[in-house]
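Structure first, commentary second.
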Amino acid sequence: MATKGHCAYCFEVLAADLQKRPALSYRQVQELWEQWHILGKPRAPGEEEDEGESVIDTQDEDDEREMMDDTEEEEEDEESAEEEEAHAGTQEQKSVPSTLQLPRISHLRVPTPSTPSSSSSSSTPSISSSQLPTSSNTSTTSKSSSATSFFSFSSRSKQPSPLPSTTIPAPTIPPPPREESHPLFITWNLISPRAGRKTLRGCIGTFDPQELSHGLKSYAFSAAYDDHRFPPIVLSELHHLAVSVTLLTHFTPCAHPFDWHLGIHGIRISFSHQGKKYGATYLPDVAVEQGWSKEECLNSLIRKAGEKRVRGWRDLKGLEVVRYEGRKAMVYWKEWRAWREWVEYN
């Protein structure tokens, strides 16, 4: 389906050629045209925006006040929560002692020889408190051993595990998308500044499928410079032009010369007369714009093909008619120029 981006590219190559400057590429034009429509077309110069701006500013101030009030309330809630947590922690510290103290053992006594049980226990030596490990020494020993085991574990855990020797494949870059190919026609029209009436200025195309980046450029030039019915387009006409792109689809041989519909189908005729071959075509919108019937359209096509000695299609033998559909898009100079100024500004 033809798009306005296709039309913009035709305008770009013709304007660049007439203005003697480099033209943007087909891909650049398509991307920039899409961005222009996504981001929004710029307002016309002098368009007033004061009321809208004042409303937006007032709304922004109200939103900022509400956000500041909500922020202050959240900060007060956080401070009160921190005070409650600190108070609860103080109460817990008071109820639980900071260090756990074991009862101190000064020394153990054994019966002396003067006691009645001296004969049974005289061989038992006395054990002083200095010979027993205290709780502090025990806890210190256990802490040091646990700390030693912890640091040794952490040192073991910090050792990096060997990575397997694997080769990471290089990322594959996908190929660029395949470009569309279509039979196409390019039409240039002059637009009268007062009435806005269209006047044909050049129209040339092909029924052979063309890659759009090449075909649009080639036939935009051919329609502007090589249509033998008109002189070549010049720079002074540029700002009065409009361009149409029609991509052709659904070619079907007609069962009879009238096996097609006005406004839906274009037709292509071919015939031979007195040993010479002829052919011509009209795009789907031509007959409707001219107000022709199907028969008038056929007779006009025969004259367009170059055979002016016959009175009409009934005088021809072996007339072949092929119908097709055309998806058309159109752009005027003003729209293209507004886009081009946006490209230059950005």
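Chain lettering (A, B, ...) mirrors the order of the structure tokens, residue numbering begins at 1 for each chain separately, and ligand numbering begins at 1 in order of display.
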
List every residue of range 198-238 of chain A that has an atom at most 12 Å from any atom of range 19-22 of chain A, giving for each one its closest atom pair and the distance in Å to one decimal, counting only C-alpha atoms, sorted by chain and then by ascending residue number, as a tab-separated table.
residue	atom	partner	partner_atom	distance
A:Val234	CA	A:Gln19	CA	10.1
A:Leu235	CA	A:Gln19	CA	7.4
A:Ser236	CA	A:Gln19	CA	10.5
A:Leu238	CA	A:Gln19	CA	10.0

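Note that CA of Trp188 in chain A and CA of Val243 in chain A are 4.7 Å apart.
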
Give me the residues within 12 Å of Val321 in chain A as JSON, numbers by chain, counting only C-alpha atoms and dropping any in the same chain fewer than 6 places off. {"A": [251, 252, 253, 254, 255, 256, 257, 258, 259, 260, 265, 266, 267, 268, 269, 270, 271, 279, 280, 281, 282, 298, 301, 302, 313]}

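Using only C-alpha atoms, the protein and nucleic acid residues lying no more than 10 Å from Leu216 in chain A, apart from those fewer than 4 places from it along its own chain, are His6, Cys7, Tyr9, Cys10, Val13, Tyr26, Leu184, Phe185, Ile186, Gly205, Gln210, Glu211, Leu212, Ala220, Phe221, Ser222 and Val245 of chain A.
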
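The closest residue to Gln35 in chain A, picked from A:Tyr345, A:Trp339, A:Tyr324, A:Trp292 and counting only C-alpha atoms, is A:Trp339.
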
Distance query His239 in chain A at most 12 Å, only C-alpha atoms, self and fewer than 4 positions along chain excluded, as JSON, numbers by chain: {"A": [11, 14, 15, 18, 189, 190, 191, 192, 193, 233, 234, 235, 243, 331, 332, 333, 334, 335, 336, 337, 338]}

For those residues, write C-alpha atoms to a file as a compact mmCIF listing (two decimals), in the first residue's frame.
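again_9.txt written:
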# COMPACT_ATOMS: atom_id res chain seq x y z
CA PHE A 11 9.35 15.25 -3.27
CA LEU A 14 13.02 16.14 -7.00
CA ALA A 15 13.53 19.14 -4.71
CA LEU A 18 16.29 21.20 -8.55
CA ASN A 189 0.02 17.70 -10.53
CA LEU A 190 0.02 21.50 -10.49
CA ILE A 191 -2.35 22.98 -7.88
CA SER A 192 -3.82 26.37 -8.77
CA PRO A 193 -3.30 28.78 -5.82
CA ILE A 233 9.32 20.68 -14.32
CA VAL A 234 11.39 23.69 -13.20
CA LEU A 235 12.30 25.07 -9.76
CA VAL A 243 2.69 14.19 -5.97
CA VAL A 331 1.17 14.76 -0.56
CA TYR A 332 1.01 18.49 -1.28
CA TRP A 333 4.02 20.81 -1.26
CA LYS A 334 2.96 22.59 1.96
CA GLU A 335 2.83 19.35 3.95
CA TRP A 336 6.18 18.16 2.62
CA ARG A 337 7.76 21.58 3.30
CA ALA A 338 6.51 21.59 6.90

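Secondary structure by DSSP on the backbone puts the following residues of range 273-320 of chain A in strand (DSSP E): His273, Lys276, Lys277, Tyr278, Gly279, Ala280, Thr281, Tyr282 and Glu320 of chain A.
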